[in-house]
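**Student:** Got a structure here, written out as structure tokens. Questions coming.
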Amino acid sequence: MVDSGARIVQRAQVDTFSRMTEPVTDPLPELERAVAEHPDDAKALVALANHYWLIGAGPEAVGDLASRAIASDADNRAAWHLWALAESNPRERVSRWQQVSARFPLDELAKANLADNAASLAGAEHDYQAVDLAIETYEDLLSTAAQPEQRSALEKAIKTLKGWKF
């Protein structure tokens, strides 16, 4: 006799295998339909923009949808993130991440993107102001970091950036 726990595991394995063999449906038509039916729905706009980003539809399409979502709901952080990600010019992308970080001061992902993009800009353009911005932002993240691995990575990034000479 199989106990109930083993039956549950067995059923879960069958369900998982069943889902793995089902044809995968592309959500794009549903997302586009949702936006067409609700052109001012920030959540629908963000979902479509995110899907476009993941399939590589290009920064213009993503940026347009993200901007529309922001216009519809200025507090939608996902829209702001997609708006910043969609900027292809590195200096302008840093500026956008600064705006997102200022608008959402507790958003550590926005701060990490700001710091990473500033460091990238600094390396590419030998820009000491961008180095300073990256260090300042990493130090801000370090001040609230709780995990030892996170603290270690931030400390290493800060030390590395402080040693840069162009």
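Residues are named by chain letter and number: chains run A, B, ... in the order of the structure tokens, numbers start at 1 in each chain, and ligands are numbered from 1 in the order shown.
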Using only C-alpha atoms, which residues sit within 12 Å of A:Asp75 once same-chain residues fewer than 2 positions away are excluded, as a list in words?
**Tutor:**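 The residues satisfying every condition are Ala42, Lys43, Ala69, Ile70, Ala71, Ser72, Asp73, Arg77, Ala78, Ala79, Trp80, His81, Val100, Arg103 and Phe104 of chain A.
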**Student:** Report as a PyMOL selection string: the residues of chain A with a DSSP assignment of helix (DSSP H, G or I), based on the backbone of this structure.
**Tutor:** chain A and resi 4-21+28-37+42-55+59-72+77-85+90-103+108-125+128-144+148-162
**Student:** Residues within 9 Å of A:Gln98, please, as number ranges by chain. Count only C-alpha atoms; anything in the same chain fewer than 5 positions from it doesn't count.
**Tutor:** A: 93, 103, 110-111, 114
**Student:** Can you tell me, as a ChimeraX atom specification, what residues are no more than 9 Å from stretch 115-132 of chain A when counting only C-alpha atoms, ignoring any on the same chain fewer than 4 positions away?
**Tutor:** /A:90-91,93-94,97,110-111,136-138,161-162,164-166
**Student:** Keeping only N, CA and C atoms, take the residues you just selected and write them out as a PDB file, in the first residue's frame.
**Tutor:**
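The result, written out as again.pdb:
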```pdb
ATOM      1  N   PRO A  90      24.112  55.006 -23.510  1.00  0.00           N
ATOM      2  CA  PRO A  90      24.564  54.726 -22.128  1.00  0.00           C
ATOM      3  C   PRO A  90      24.451  55.916 -21.172  1.00  0.00           C
ATOM      4  N   ARG A  91      24.817  57.112 -21.628  1.00  0.00           N
ATOM      5  CA  ARG A  91      24.755  58.288 -20.748  1.00  0.00           C
ATOM      6  C   ARG A  91      23.306  58.625 -20.407  1.00  0.00           C
ATOM      7  N   ARG A  93      20.862  56.459 -20.447  1.00  0.00           N
ATOM      8  CA  ARG A  93      20.352  55.368 -19.611  1.00  0.00           C
ATOM      9  C   ARG A  93      20.716  55.611 -18.146  1.00  0.00           C
ATOM     10  N   VAL A  94      21.926  56.093 -17.886  1.00  0.00           N
ATOM     11  CA  VAL A  94      22.327  56.436 -16.512  1.00  0.00           C
ATOM     12  C   VAL A  94      21.405  57.522 -15.975  1.00  0.00           C
ATOM     13  N   TRP A  97      18.117  55.995 -15.013  1.00  0.00           N
ATOM     14  CA  TRP A  97      18.187  55.251 -13.753  1.00  0.00           C
ATOM     15  C   TRP A  97      18.278  56.203 -12.570  1.00  0.00           C
ATOM     16  N   ALA A 110      16.711  49.457  -8.793  1.00  0.00           N
ATOM     17  CA  ALA A 110      16.983  50.671  -9.567  1.00  0.00           C
ATOM     18  C   ALA A 110      18.367  51.227  -9.220  1.00  0.00           C
ATOM     19  N   LYS A 111      18.700  51.216  -7.935  1.00  0.00           N
ATOM     20  CA  LYS A 111      20.018  51.705  -7.515  1.00  0.00           C
ATOM     21  C   LYS A 111      21.132  50.820  -8.076  1.00  0.00           C
ATOM     22  N   GLU A 136      29.340  56.075  -5.186  1.00  0.00           N
ATOM     23  CA  GLU A 136      28.359  56.629  -4.252  1.00  0.00           C
ATOM     24  C   GLU A 136      27.109  55.737  -4.172  1.00  0.00           C
ATOM     25  N   THR A 137      26.682  55.250  -5.313  1.00  0.00           N
ATOM     26  CA  THR A 137      25.470  54.425  -5.339  1.00  0.00           C
ATOM     27  C   THR A 137      25.727  53.051  -4.731  1.00  0.00           C
ATOM     28  N   TYR A 138      26.882  52.457  -5.034  1.00  0.00           N
ATOM     29  CA  TYR A 138      27.225  51.177  -4.405  1.00  0.00           C
ATOM     30  C   TYR A 138      27.356  51.338  -2.885  1.00  0.00           C
ATOM     31  N   LEU A 161      36.481  50.110  -8.164  1.00  0.00           N
ATOM     32  CA  LEU A 161      36.230  51.411  -8.787  1.00  0.00           C
ATOM     33  C   LEU A 161      37.129  52.497  -8.212  1.00  0.00           C
ATOM     34  N   LYS A 162      37.407  52.433  -6.913  1.00  0.00           N
ATOM     35  CA  LYS A 162      38.279  53.432  -6.292  1.00  0.00           C
ATOM     36  C   LYS A 162      39.704  53.313  -6.813  1.00  0.00           C
ATOM     37  N   TRP A 164      40.453  52.647 -10.022  1.00  0.00           N
ATOM     38  CA  TRP A 164      40.515  52.952 -11.457  1.00  0.00           C
ATOM     39  C   TRP A 164      41.302  54.228 -11.738  1.00  0.00           C
ATOM     40  N   LYS A 165      42.164  54.120 -12.704  1.00  0.00           N
ATOM     41  CA  LYS A 165      42.925  55.272 -13.210  1.00  0.00           C
ATOM     42  C   LYS A 165      42.846  55.208 -14.731  1.00  0.00           C
ATOM     43  N   PHE A 166      42.506  56.326 -15.327  1.00  0.00           N
ATOM     44  CA  PHE A 166      42.414  56.371 -16.799  1.00  0.00           C
ATOM     45  C   PHE A 166      43.588  57.102 -17.378  1.00  0.00           C
TER      46      PHE A 166
END
```
**Student:** So which one's closest to A:Ala49, A:Thr144, A:Asn113, A:Ser67, A:Ser152? Using only C-alpha atoms, please.
**Tutor:** A:Ser67
**Student:** Taking into account only C-alpha atoms, which residue in the set A:Asp41, A:Asp107, A:Glu92, A:Glu155 is nearest to A:Arg68?
**Tutor:**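 Of the candidates, the smallest distance to A:Arg68 is held by A:Asp41.
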**Student:** Using only C-alpha atoms, determine which residues lie at most 12 Å from stretch 25-37 of chain A, disregarding the query and same-chain residues fewer than 3 positions distant; provide the list as a list of chain:residue names.
**Tutor:**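 Contacts, with the query itself left out: A:Arg19, A:Glu22, A:Asp40, A:Asp41, A:Ala42, A:Lys43, A:Ala44, A:Leu45, A:Val46, A:Ala47, A:Leu48, A:Ala49, A:Asn50, A:His51, A:Tyr52, A:Trp53, A:Leu54, A:Ile55, A:Ala57, A:Leu65, A:Arg68, A:Ala69.
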**Student:** Would you kindly return, as a PyMOL selection string, each protein, DNA or RNA residue with an atom no farther than 7 Å from any atom of A:Leu82, considering only C-alpha atoms and excluding same-chain residues fewer than 6 positions away?
**Tutor:** chain A and resi 62-63+66
**Student:** Go ahead and dump the residues you just picked, all heavy atoms, as an mmCIF file, in the first residue's frame.
**Tutor:**
```cif
data_model
loop_
_atom_site.group_PDB
_atom_site.id
_atom_site.type_symbol
_atom_site.label_atom_id
_atom_site.label_comp_id
_atom_site.auth_asym_id
_atom_site.auth_seq_id
_atom_site.Cartn_x
_atom_site.Cartn_y
_atom_site.Cartn_z
ATOM 1 N N VAL A 62 9.442 48.941 -26.731
ATOM 2 C CA VAL A 62 9.401 48.814 -25.275
ATOM 3 C C VAL A 62 9.301 50.192 -24.625
ATOM 4 O O VAL A 62 8.480 50.422 -23.729
ATOM 5 C CB VAL A 62 10.637 48.050 -24.753
ATOM 6 C CG1 VAL A 62 10.681 48.053 -23.231
ATOM 7 C CG2 VAL A 62 10.645 46.622 -25.291
ATOM 8 N N GLY A 63 10.123 51.117 -25.081
ATOM 9 C CA GLY A 63 10.115 52.462 -24.517
ATOM 10 C C GLY A 63 8.786 53.171 -24.712
ATOM 11 O O GLY A 63 8.309 53.864 -23.807
ATOM 12 N N ALA A 66 6.306 51.578 -22.289
ATOM 13 C CA ALA A 66 6.647 51.968 -20.916
ATOM 14 C C ALA A 66 6.249 53.422 -20.661
ATOM 15 O O ALA A 66 5.702 53.744 -19.600
ATOM 16 C CB ALA A 66 8.136 51.759 -20.670
#
```
**Student:** For the atom pair atom CA of A:Asp140 and atom CA of A:Ala84, what is the interatomic distance in Å to one decimal place?
**Tutor:**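 Computing the Euclidean distance for atom CA of A:Asp140 and atom CA of A:Ala84 yields 20.0 Å.
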